[in-house]
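Have a look at coords.tsv below; it lists TSV, N, CA and C atoms.
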```
chain	number	residue	atom	x	y	z
A	1	GLY	N	24.97	11.09	-68.70
A	1	GLY	CA	24.63	10.74	-67.35
A	1	GLY	C	23.14	10.74	-67.13
A	2	CYS	N	22.78	11.23	-66.01
A	2	CYS	CA	21.40	11.21	-65.54
A	2	CYS	C	20.70	12.52	-65.88
A	3	PRO	N	19.65	12.49	-66.68
A	3	PRO	CA	18.96	13.73	-67.02
A	3	PRO	C	18.33	14.42	-65.81
A	4	HIS	N	17.92	13.65	-64.81
A	4	HIS	CA	17.31	14.24	-63.61
A	4	HIS	C	18.35	15.03	-62.81
A	5	LEU	N	19.55	14.47	-62.69
A	5	LEU	CA	20.63	15.18	-62.00
A	5	LEU	C	21.02	16.45	-62.77
A	6	LEU	N	21.09	16.34	-64.08
A	6	LEU	CA	21.41	17.49	-64.92
A	6	LEU	C	20.39	18.61	-64.74
A	7	ASN	N	19.12	18.26	-64.71
A	7	ASN	CA	18.07	19.26	-64.49
A	7	ASN	C	18.22	19.93	-63.13
A	8	GLU	N	18.59	19.17	-62.11
A	8	GLU	CA	18.77	19.74	-60.77
A	8	GLU	C	19.97	20.68	-60.72
A	9	ILE	N	21.03	20.34	-61.42
A	9	ILE	CA	22.20	21.22	-61.47
A	9	ILE	C	21.82	22.55	-62.10
A	10	TRP	N	21.04	22.51	-63.17
A	10	TRP	CA	20.60	23.75	-63.83
A	10	TRP	C	19.63	24.53	-62.93
A	11	ARG	N	18.82	23.83	-62.16
A	11	ARG	CA	17.85	24.50	-61.29
A	11	ARG	C	18.53	25.15	-60.09
A	12	VAL	N	19.46	24.43	-59.46
A	12	VAL	CA	20.06	24.88	-58.20
A	12	VAL	C	21.30	25.75	-58.41
A	13	HIS	N	22.05	25.53	-59.47
A	13	HIS	CA	23.32	26.23	-59.74
A	13	HIS	C	24.31	26.09	-58.57
A	14	PRO	N	24.66	24.84	-58.22
A	14	PRO	CA	25.62	24.68	-57.12
A	14	PRO	C	27.00	25.19	-57.53
A	15	LYS	N	27.81	25.56	-56.57
A	15	LYS	CA	29.18	26.01	-56.86
A	15	LYS	C	30.08	24.81	-57.13
A	16	LEU	N	29.77	23.65	-56.50
A	16	LEU	CA	30.63	22.47	-56.58
A	16	LEU	C	29.79	21.21	-56.70
A	17	VAL	N	30.18	20.34	-57.66
A	17	VAL	CA	29.57	19.02	-57.81
A	17	VAL	C	30.70	18.01	-57.78
A	18	VAL	N	30.64	17.08	-56.81
A	18	VAL	CA	31.68	16.07	-56.65
A	18	VAL	C	31.08	14.70	-56.89
A	19	TYR	N	31.76	13.90	-57.68
A	19	TYR	CA	31.31	12.54	-57.99
A	19	TYR	C	32.55	11.70	-58.25
A	20	GLY	N	32.40	10.42	-58.52
A	20	GLY	CA	33.57	9.60	-58.75
A	20	GLY	C	33.31	8.26	-59.40
A	21	HIS	N	32.14	8.08	-59.96
A	21	HIS	CA	31.82	6.76	-60.49
A	21	HIS	C	32.55	6.42	-61.78
A	22	ILE	N	32.68	7.35	-62.70
A	22	ILE	CA	33.33	7.06	-63.99
A	22	ILE	C	34.83	7.20	-63.77
A	23	HIS	N	35.47	6.10	-63.46
A	23	HIS	CA	36.87	6.10	-63.03
A	23	HIS	C	37.82	6.70	-64.06
A	24	GLU	N	37.61	6.41	-65.33
A	24	GLU	CA	38.51	6.91	-66.37
A	24	GLU	C	38.30	8.41	-66.66
A	25	GLY	N	37.22	8.98	-66.14
A	25	GLY	CA	36.93	10.39	-66.37
A	25	GLY	C	37.43	11.28	-65.25
A	26	ARG	N	38.36	10.81	-64.46
A	26	ARG	CA	38.86	11.56	-63.31
A	26	ARG	C	39.39	12.93	-63.71
A	27	GLY	N	39.13	13.92	-62.90
A	27	GLY	CA	39.64	15.26	-63.14
A	27	GLY	C	38.65	16.31	-62.68
A	28	GLU	N	38.91	17.55	-63.07
A	28	GLU	CA	38.02	18.63	-62.68
A	28	GLU	C	37.87	19.62	-63.81
A	29	GLU	N	36.73	20.32	-63.80
A	29	GLU	CA	36.44	21.27	-64.87
A	29	GLU	C	35.48	22.33	-64.35
A	30	LEU	N	35.72	23.55	-64.74
A	30	LEU	CA	34.81	24.65	-64.44
A	30	LEU	C	33.90	24.83	-65.65
A	31	VAL	N	32.59	24.75	-65.43
A	31	VAL	CA	31.62	24.81	-66.52
A	31	VAL	C	30.66	25.98	-66.28
A	32	ALA	N	30.57	26.87	-67.26
A	32	ALA	CA	29.62	27.98	-67.19
A	32	ALA	C	28.26	27.49	-67.65
A	33	LEU	N	27.24	27.70	-66.83
A	33	LEU	CA	25.89	27.32	-67.20
A	33	LEU	C	25.29	28.44	-68.04
A	34	ASP	N	25.62	28.41	-69.33
A	34	ASP	CA	25.16	29.44	-70.25
A	34	ASP	C	24.46	28.77	-71.44
A	35	LYS	N	24.07	29.57	-72.41
A	35	LYS	CA	23.33	29.06	-73.57
A	35	LYS	C	24.15	28.04	-74.37
A	36	LEU	N	25.47	28.28	-74.48
A	36	LEU	CA	26.32	27.32	-75.20
A	36	LEU	C	26.31	25.96	-74.51
A	37	GLN	N	26.44	25.96	-73.21
A	37	GLN	CA	26.45	24.70	-72.45
A	37	GLN	C	25.10	24.00	-72.58
A	38	LEU	N	24.02	24.76	-72.50
A	38	LEU	CA	22.69	24.18	-72.64
A	38	LEU	C	22.52	23.51	-74.00
A	39	LEU	N	22.94	24.19	-75.07
A	39	LEU	CA	22.84	23.61	-76.41
A	39	LEU	C	23.68	22.34	-76.52
A	40	PHE	N	24.90	22.37	-75.97
A	40	PHE	CA	25.77	21.19	-75.99
A	40	PHE	C	25.10	20.02	-75.29
A	41	GLU	N	24.52	20.26	-74.12
A	41	GLU	CA	23.86	19.19	-73.38
A	41	GLU	C	22.64	18.66	-74.11
A	42	GLN	N	21.91	19.53	-74.78
A	42	GLN	CA	20.75	19.09	-75.55
A	42	GLN	C	21.18	18.20	-76.71
A	43	VAL	N	22.31	18.50	-77.34
A	43	VAL	CA	22.84	17.62	-78.40
A	43	VAL	C	23.18	16.26	-77.80
A	44	GLN	N	23.88	16.26	-76.66
A	44	GLN	CA	24.28	15.02	-76.00
A	44	GLN	C	23.09	14.16	-75.59
A	45	MET	N	21.99	14.82	-75.18
A	45	MET	CA	20.80	14.09	-74.71
A	45	MET	C	19.87	13.70	-75.86
A	46	GLY	N	20.23	14.07	-77.10
A	46	GLY	CA	19.42	13.69	-78.25
A	46	GLY	C	18.17	14.53	-78.44
A	47	GLN	N	18.16	15.76	-77.89
A	47	GLN	CA	17.01	16.64	-78.03
A	47	GLN	C	17.20	17.50	-79.29
A	48	HIS	N	16.59	17.08	-80.38
A	48	HIS	CA	16.74	17.75	-81.68
A	48	HIS	C	18.24	17.96	-81.98
A	49	PRO	N	19.03	16.89	-81.99
A	49	PRO	CA	20.50	17.04	-82.04
A	49	PRO	C	21.03	17.81	-83.24
A	50	TRP	N	20.48	17.62	-84.43
A	50	TRP	CA	21.04	18.32	-85.59
A	50	TRP	C	20.74	19.82	-85.55
A	51	ARG	N	19.53	20.15	-85.14
A	51	ARG	CA	19.16	21.57	-85.02
A	51	ARG	C	19.99	22.24	-83.92
A	52	ARG	N	20.12	21.56	-82.76
A	52	ARG	CA	20.90	22.12	-81.65
A	52	ARG	C	22.38	22.23	-82.01
A	53	LEU	N	22.90	21.26	-82.76
A	53	LEU	CA	24.30	21.32	-83.17
A	53	LEU	C	24.56	22.52	-84.07
A	54	LEU	N	23.66	22.77	-84.99
A	54	LEU	CA	23.79	23.95	-85.85
A	54	LEU	C	23.72	25.23	-85.02
A	55	GLN	N	22.77	25.31	-84.09
A	55	GLN	CA	22.67	26.48	-83.21
A	55	GLN	C	23.94	26.65	-82.38
A	56	LEU	N	24.47	25.55	-81.89
A	56	LEU	CA	25.69	25.58	-81.09
A	56	LEU	C	26.86	26.12	-81.90
A	57	MET	N	26.99	25.67	-83.14
A	57	MET	CA	28.08	26.14	-84.00
A	57	MET	C	27.96	27.64	-84.27
A	58	VAL	N	26.77	28.10	-84.58
A	58	VAL	CA	26.57	29.53	-84.88
A	58	VAL	C	26.82	30.37	-83.63
A	59	ARG	N	26.25	29.97	-82.52
A	59	ARG	CA	26.39	30.75	-81.29
A	59	ARG	C	27.82	30.75	-80.78
A	60	SER	N	28.54	29.62	-80.92
A	60	SER	CA	29.92	29.57	-80.43
A	60	SER	C	30.82	30.50	-81.24
A	61	GLN	N	30.55	30.65	-82.53
A	61	GLN	CA	31.34	31.56	-83.36
A	61	GLN	C	31.11	33.01	-82.95
A	62	LYS	N	29.88	33.33	-82.57
A	62	LYS	CA	29.54	34.70	-82.17
A	62	LYS	C	30.18	35.07	-80.83
A	63	SER	N	30.30	34.10	-79.93
A	63	SER	CA	30.77	34.40	-78.58
A	63	SER	C	32.23	34.07	-78.35
A	64	LEU	N	32.93	33.60	-79.36
A	64	LEU	CA	34.31	33.17	-79.20
A	64	LEU	C	35.24	34.23	-78.62
A	65	PRO	N	35.28	35.47	-79.10
A	65	PRO	CA	36.24	36.44	-78.57
A	65	PRO	C	36.05	36.77	-77.09
A	66	LYS	N	34.80	36.78	-76.62
A	66	LYS	CA	34.58	37.17	-75.24
A	66	LYS	C	34.49	35.98	-74.29
A	67	ALA	N	34.44	34.77	-74.79
A	67	ALA	CA	34.21	33.60	-73.94
A	67	ALA	C	35.27	33.45	-72.86
A	68	ASN	N	36.53	33.55	-73.19
A	68	ASN	CA	37.58	33.33	-72.19
A	68	ASN	C	37.58	34.39	-71.11
A	69	SER	N	37.32	35.64	-71.44
A	69	SER	CA	37.38	36.70	-70.45
A	69	SER	C	36.21	36.64	-69.47
A	70	GLU	N	35.07	36.16	-69.89
A	70	GLU	CA	33.89	36.12	-69.03
A	70	GLU	C	33.71	34.78	-68.33
A	71	TYR	N	34.44	33.77	-68.75
A	71	TYR	CA	34.20	32.41	-68.30
A	71	TYR	C	34.31	32.25	-66.79
A	72	ASP	N	35.44	32.66	-66.22
A	72	ASP	CA	35.67	32.46	-64.80
A	72	ASP	C	34.82	33.38	-63.94
A	73	LYS	N	34.30	34.45	-64.51
A	73	LYS	CA	33.53	35.43	-63.74
A	73	LYS	C	32.04	35.12	-63.73
A	74	SER	N	31.61	34.13	-64.46
A	74	SER	CA	30.19	33.83	-64.56
A	74	SER	C	29.65	33.39	-63.19
A	75	PRO	N	28.57	34.04	-62.72
A	75	PRO	CA	27.99	33.63	-61.44
A	75	PRO	C	27.34	32.26	-61.50
A	76	LYS	N	27.14	31.77	-62.70
A	76	LYS	CA	26.52	30.46	-62.86
A	76	LYS	C	27.53	29.40	-63.28
A	77	SER	N	28.78	29.53	-62.86
A	77	SER	CA	29.78	28.52	-63.14
A	77	SER	C	29.74	27.44	-62.07
A	78	VAL	N	29.90	26.21	-62.49
A	78	VAL	CA	29.91	25.07	-61.57
A	78	VAL	C	31.26	24.37	-61.68
A	79	HIS	N	31.88	24.09	-60.56
A	79	HIS	CA	33.15	23.37	-60.51
A	79	HIS	C	32.81	21.89	-60.35
A	80	PHE	N	33.03	21.11	-61.42
A	80	PHE	CA	32.77	19.67	-61.40
A	80	PHE	C	34.07	18.96	-61.05
A	81	VAL	N	34.00	18.03	-60.10
A	81	VAL	CA	35.17	17.25	-59.69
A	81	VAL	C	34.80	15.78	-59.72
A	82	ASN	N	35.47	15.03	-60.61
A	82	ASN	CA	35.35	13.58	-60.60
A	82	ASN	C	36.51	13.08	-59.77
A	83	SER	N	36.22	12.67	-58.57
A	83	SER	CA	37.26	12.35	-57.59
A	83	SER	C	37.63	10.87	-57.55
A	84	ALA	N	37.38	10.15	-58.64
A	84	ALA	CA	37.73	8.73	-58.66
A	84	ALA	C	39.22	8.55	-58.35
A	85	VAL	N	39.53	7.57	-57.53
A	85	VAL	CA	40.93	7.35	-57.14
A	85	VAL	C	41.51	6.07	-57.73
A	86	VAL	N	40.69	5.29	-58.44
A	86	VAL	CA	41.19	4.08	-59.08
A	86	VAL	C	40.73	4.03	-60.53
A	87	SER	N	41.48	3.31	-61.39
A	87	SER	CA	41.06	3.08	-62.77
A	87	SER	C	41.82	1.88	-63.30
A	88	GLY	N	41.50	1.52	-64.52
A	88	GLY	CA	42.18	0.42	-65.18
A	88	GLY	C	41.60	-0.93	-64.82
A	89	PRO	N	42.10	-1.98	-65.52
A	89	PRO	CA	41.62	-3.34	-65.25
A	89	PRO	C	41.88	-3.72	-63.80
A	90	GLY	N	40.84	-4.14	-63.12
A	90	GLY	CA	40.98	-4.54	-61.73
A	90	GLY	C	41.27	-3.38	-60.80
A	91	HIS	N	41.05	-2.18	-61.29
A	91	HIS	CA	41.29	-0.96	-60.50
A	91	HIS	C	42.71	-0.92	-59.95
A	92	CYS	N	43.68	-1.30	-60.78
A	92	CYS	CA	45.07	-1.36	-60.33
A	92	CYS	C	45.77	0.00	-60.34
A	93	ASN	N	45.25	0.97	-61.10
A	93	ASN	CA	45.84	2.32	-61.10
A	93	ASN	C	45.27	3.11	-59.93
A	94	ARG	N	46.14	3.70	-59.14
A	94	ARG	CA	45.71	4.50	-58.00
A	94	ARG	C	46.10	5.95	-58.22
A	95	TRP	N	45.19	6.86	-57.99
A	95	TRP	CA	45.43	8.29	-58.16
A	95	TRP	C	45.44	8.99	-56.81
A	96	GLU	N	46.16	10.08	-56.76
A	96	GLU	CA	46.13	10.92	-55.56
A	96	GLU	C	44.77	11.62	-55.49
A	97	PRO	N	44.31	11.93	-54.29
A	97	PRO	CA	43.03	12.63	-54.18
A	97	PRO	C	43.08	14.03	-54.79
A	98	ILE	N	41.96	14.50	-55.25
A	98	ILE	CA	41.84	15.88	-55.74
A	98	ILE	C	41.41	16.73	-54.54
A	99	VAL	N	42.13	17.79	-54.30
A	99	VAL	CA	41.82	18.68	-53.18
A	99	VAL	C	41.21	19.96	-53.74
A	100	VAL	N	40.07	20.34	-53.20
A	100	VAL	CA	39.39	21.57	-53.59
A	100	VAL	C	39.32	22.46	-52.36
A	101	GLU	N	39.88	23.66	-52.48
A	101	GLU	CA	39.80	24.62	-51.38
A	101	GLU	C	38.59	25.51	-51.57
A	102	ILE	N	37.80	25.63	-50.53
A	102	ILE	CA	36.60	26.46	-50.57
A	102	ILE	C	36.86	27.69	-49.71
A	103	ASN	N	36.76	28.85	-50.32
A	103	ASN	CA	36.97	30.11	-49.62
A	103	ASN	C	35.62	30.72	-49.29
A	104	PRO	N	35.20	30.67	-48.02
A	104	PRO	CA	33.87	31.20	-47.67
A	104	PRO	C	33.76	32.71	-47.87
A	105	GLU	N	34.87	33.42	-47.94
A	105	GLU	CA	34.83	34.86	-48.13
A	105	GLU	C	34.41	35.26	-49.54
A	106	CYS	N	34.44	34.30	-50.49
A	106	CYS	CA	34.08	34.59	-51.87
A	106	CYS	C	32.58	34.48	-52.13
A	107	GLU	N	31.84	34.14	-51.15
A	107	GLU	CA	30.39	33.96	-51.33
A	107	GLU	C	29.70	35.26	-51.57
```
Mind turning the file's structure into structure tokens?
Amino acid sequence: GCPHLLNEIWRVHPKLVVYGHIHEGRGEELVALDKLQLLFEQVQMGQHPWRRLLQLMVRSQKSLPKANSEYDKSPKSVHFVNSAVVSGPGHCNRWEPIVVEINPECE
């Protein structure tokens, strides 16, 4: 995507990012803004990809046992929602909207 938007997400750490342009990528994902994610994004953006890929492989092996238990609790997790409602040739496939409930008491 856009490197400028990616930099802003890392700077601001929003709780929710909603978009819908890539129709076939519809869905939602919780992403922890941690060192593993940063290395993955650097590989994707072509920033020393082979060196970053090696670092990513080594670091992911070290953090594998604890990753699942800490993932949802990370204060720097971002909920990404691709809310596209159409896909396919001529946008003939229609999807139901994705509903995200925001609980203000969790702030």
Legend entry - Those of chain A in DSSP strand (DSSP E or B), formatted as a ChimeraX atom specification: /A:16-19,27-32,77-82,86-87,93-94
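Proximity to A:Val31 was assessed for A:Val85, A:Val78, A:Ile98, A:Val17 counting all atoms listed in the file; the smallest distance is recorded for A:Val78.
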Inset, instruction - Calculate how many Å separate atom N of A:Val81 from atom N of A:His4, rounding to one decimal. - result: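 The value is 17.3 Å.
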Inset, instruction - Return the single residue from A:Lys76, A:Glu8, A:Arg51, A:Ile22 that is closest to A:Gln37, with distances computed using only C-alpha atoms. - result: A:Lys76
What are the centre and the three edge lengths of an axis-aligned box that wraps all atoms of stretch 8-20 of chain A in the file, given that 8 Å is added to every side, written as lines of an AutoDock Vina configuration file and rounded to one decimal in Å?
```
center_x = 25.7
center_y = 17.2
center_z = -60.2
size_x = 31.7
size_y = 34.0
size_z = 23.3
```
Legend entry - Point-to-point distance in Å for atom CA of A:Leu33 and atom N of A:Arg11: 9.4 Å
Legend entry - Between atom C of A:His23 and atom CA of A:Pro97 - distance in Å to one decimal: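 Atom C of A:His23 lies 12.6 Å from atom CA of A:Pro97.
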From the coordinates supplied, stretch 15-35 of chain A should be written with N, CA and C atoms, as a PDB file, in the first residue's frame.
```pdb
ATOM      1  N   LYS A  15      -6.584   2.531  17.212  1.00  0.00           N
ATOM      2  CA  LYS A  15      -7.202   1.259  17.620  1.00  0.00           C
ATOM      3  C   LYS A  15      -7.877   0.587  16.422  1.00  0.00           C
ATOM      4  N   LEU A  16      -8.360   1.404  15.454  1.00  0.00           N
ATOM      5  CA  LEU A  16      -9.139   0.892  14.333  1.00  0.00           C
ATOM      6  C   LEU A  16      -8.762   1.613  13.048  1.00  0.00           C
ATOM      7  N   VAL A  17      -8.535   0.826  11.978  1.00  0.00           N
ATOM      8  CA  VAL A  17      -8.301   1.375  10.646  1.00  0.00           C
ATOM      9  C   VAL A  17      -9.300   0.705   9.718  1.00  0.00           C
ATOM     10  N   VAL A  18     -10.142   1.520   9.069  1.00  0.00           N
ATOM     11  CA  VAL A  18     -11.178   1.002   8.170  1.00  0.00           C
ATOM     12  C   VAL A  18     -10.893   1.490   6.760  1.00  0.00           C
ATOM     13  N   TYR A  19     -10.967   0.589   5.810  1.00  0.00           N
ATOM     14  CA  TYR A  19     -10.741   0.912   4.406  1.00  0.00           C
ATOM     15  C   TYR A  19     -11.562  -0.054   3.567  1.00  0.00           C
ATOM     16  N   GLY A  20     -11.545   0.071   2.263  1.00  0.00           N
ATOM     17  CA  GLY A  20     -12.351  -0.828   1.452  1.00  0.00           C
ATOM     18  C   GLY A  20     -12.000  -0.860  -0.015  1.00  0.00           C
ATOM     19  N   HIS A  21     -10.860  -0.337  -0.382  1.00  0.00           N
ATOM     20  CA  HIS A  21     -10.553  -0.249  -1.805  1.00  0.00           C
ATOM     21  C   HIS A  21     -10.193  -1.589  -2.438  1.00  0.00           C
ATOM     22  N   ILE A  22      -9.429  -2.421  -1.769  1.00  0.00           N
ATOM     23  CA  ILE A  22      -9.013  -3.705  -2.355  1.00  0.00           C
ATOM     24  C   ILE A  22     -10.140  -4.700  -2.109  1.00  0.00           C
ATOM     25  N   HIS A  23     -11.031  -4.810  -3.074  1.00  0.00           N
ATOM     26  CA  HIS A  23     -12.274  -5.560  -2.910  1.00  0.00           C
ATOM     27  C   HIS A  23     -12.048  -7.024  -2.560  1.00  0.00           C
ATOM     28  N   GLU A  24     -11.063  -7.667  -3.172  1.00  0.00           N
ATOM     29  CA  GLU A  24     -10.819  -9.085  -2.924  1.00  0.00           C
ATOM     30  C   GLU A  24     -10.154  -9.338  -1.566  1.00  0.00           C
ATOM     31  N   GLY A  25      -9.679  -8.284  -0.916  1.00  0.00           N
ATOM     32  CA  GLY A  25      -9.015  -8.427   0.376  1.00  0.00           C
ATOM     33  C   GLY A  25      -9.954  -8.190   1.545  1.00  0.00           C
ATOM     34  N   ARG A  26     -11.235  -8.297   1.330  1.00  0.00           N
ATOM     35  CA  ARG A  26     -12.230  -8.019   2.364  1.00  0.00           C
ATOM     36  C   ARG A  26     -12.006  -8.881   3.603  1.00  0.00           C
ATOM     37  N   GLY A  27     -12.194  -8.300   4.766  1.00  0.00           N
ATOM     38  CA  GLY A  27     -12.075  -9.033   6.015  1.00  0.00           C
ATOM     39  C   GLY A  27     -11.507  -8.152   7.103  1.00  0.00           C
ATOM     40  N   GLU A  28     -11.143  -8.782   8.211  1.00  0.00           N
ATOM     41  CA  GLU A  28     -10.589  -8.019   9.322  1.00  0.00           C
ATOM     42  C   GLU A  28      -9.465  -8.799   9.982  1.00  0.00           C
ATOM     43  N   GLU A  29      -8.561  -8.050  10.613  1.00  0.00           N
ATOM     44  CA  GLU A  29      -7.398  -8.671  11.244  1.00  0.00           C
ATOM     45  C   GLU A  29      -6.899  -7.772  12.368  1.00  0.00           C
ATOM     46  N   LEU A  30      -6.521  -8.393  13.454  1.00  0.00           N
ATOM     47  CA  LEU A  30      -5.883  -7.679  14.561  1.00  0.00           C
ATOM     48  C   LEU A  30      -4.379  -7.828  14.384  1.00  0.00           C
ATOM     49  N   VAL A  31      -3.671  -6.693  14.315  1.00  0.00           N
ATOM     50  CA  VAL A  31      -2.233  -6.699  14.056  1.00  0.00           C
ATOM     51  C   VAL A  31      -1.511  -6.005  15.210  1.00  0.00           C
ATOM     52  N   ALA A  32      -0.567  -6.704  15.818  1.00  0.00           N
ATOM     53  CA  ALA A  32       0.262  -6.118  16.873  1.00  0.00           C
ATOM     54  C   ALA A  32       1.394  -5.337  16.227  1.00  0.00           C
ATOM     55  N   LEU A  33       1.541  -4.076  16.610  1.00  0.00           N
ATOM     56  CA  LEU A  33       2.626  -3.264  16.093  1.00  0.00           C
ATOM     57  C   LEU A  33       3.868  -3.539  16.936  1.00  0.00           C
ATOM     58  N   ASP A  34       4.553  -4.616  16.587  1.00  0.00           N
ATOM     59  CA  ASP A  34       5.741  -5.033  17.322  1.00  0.00           C
ATOM     60  C   ASP A  34       6.910  -5.190  16.342  1.00  0.00           C
ATOM     61  N   LYS A  35       8.033  -5.655  16.852  1.00  0.00           N
ATOM     62  CA  LYS A  35       9.240  -5.792  16.031  1.00  0.00           C
ATOM     63  C   LYS A  35       9.036  -6.774  14.874  1.00  0.00           C
TER      64      LYS A  35
END
```
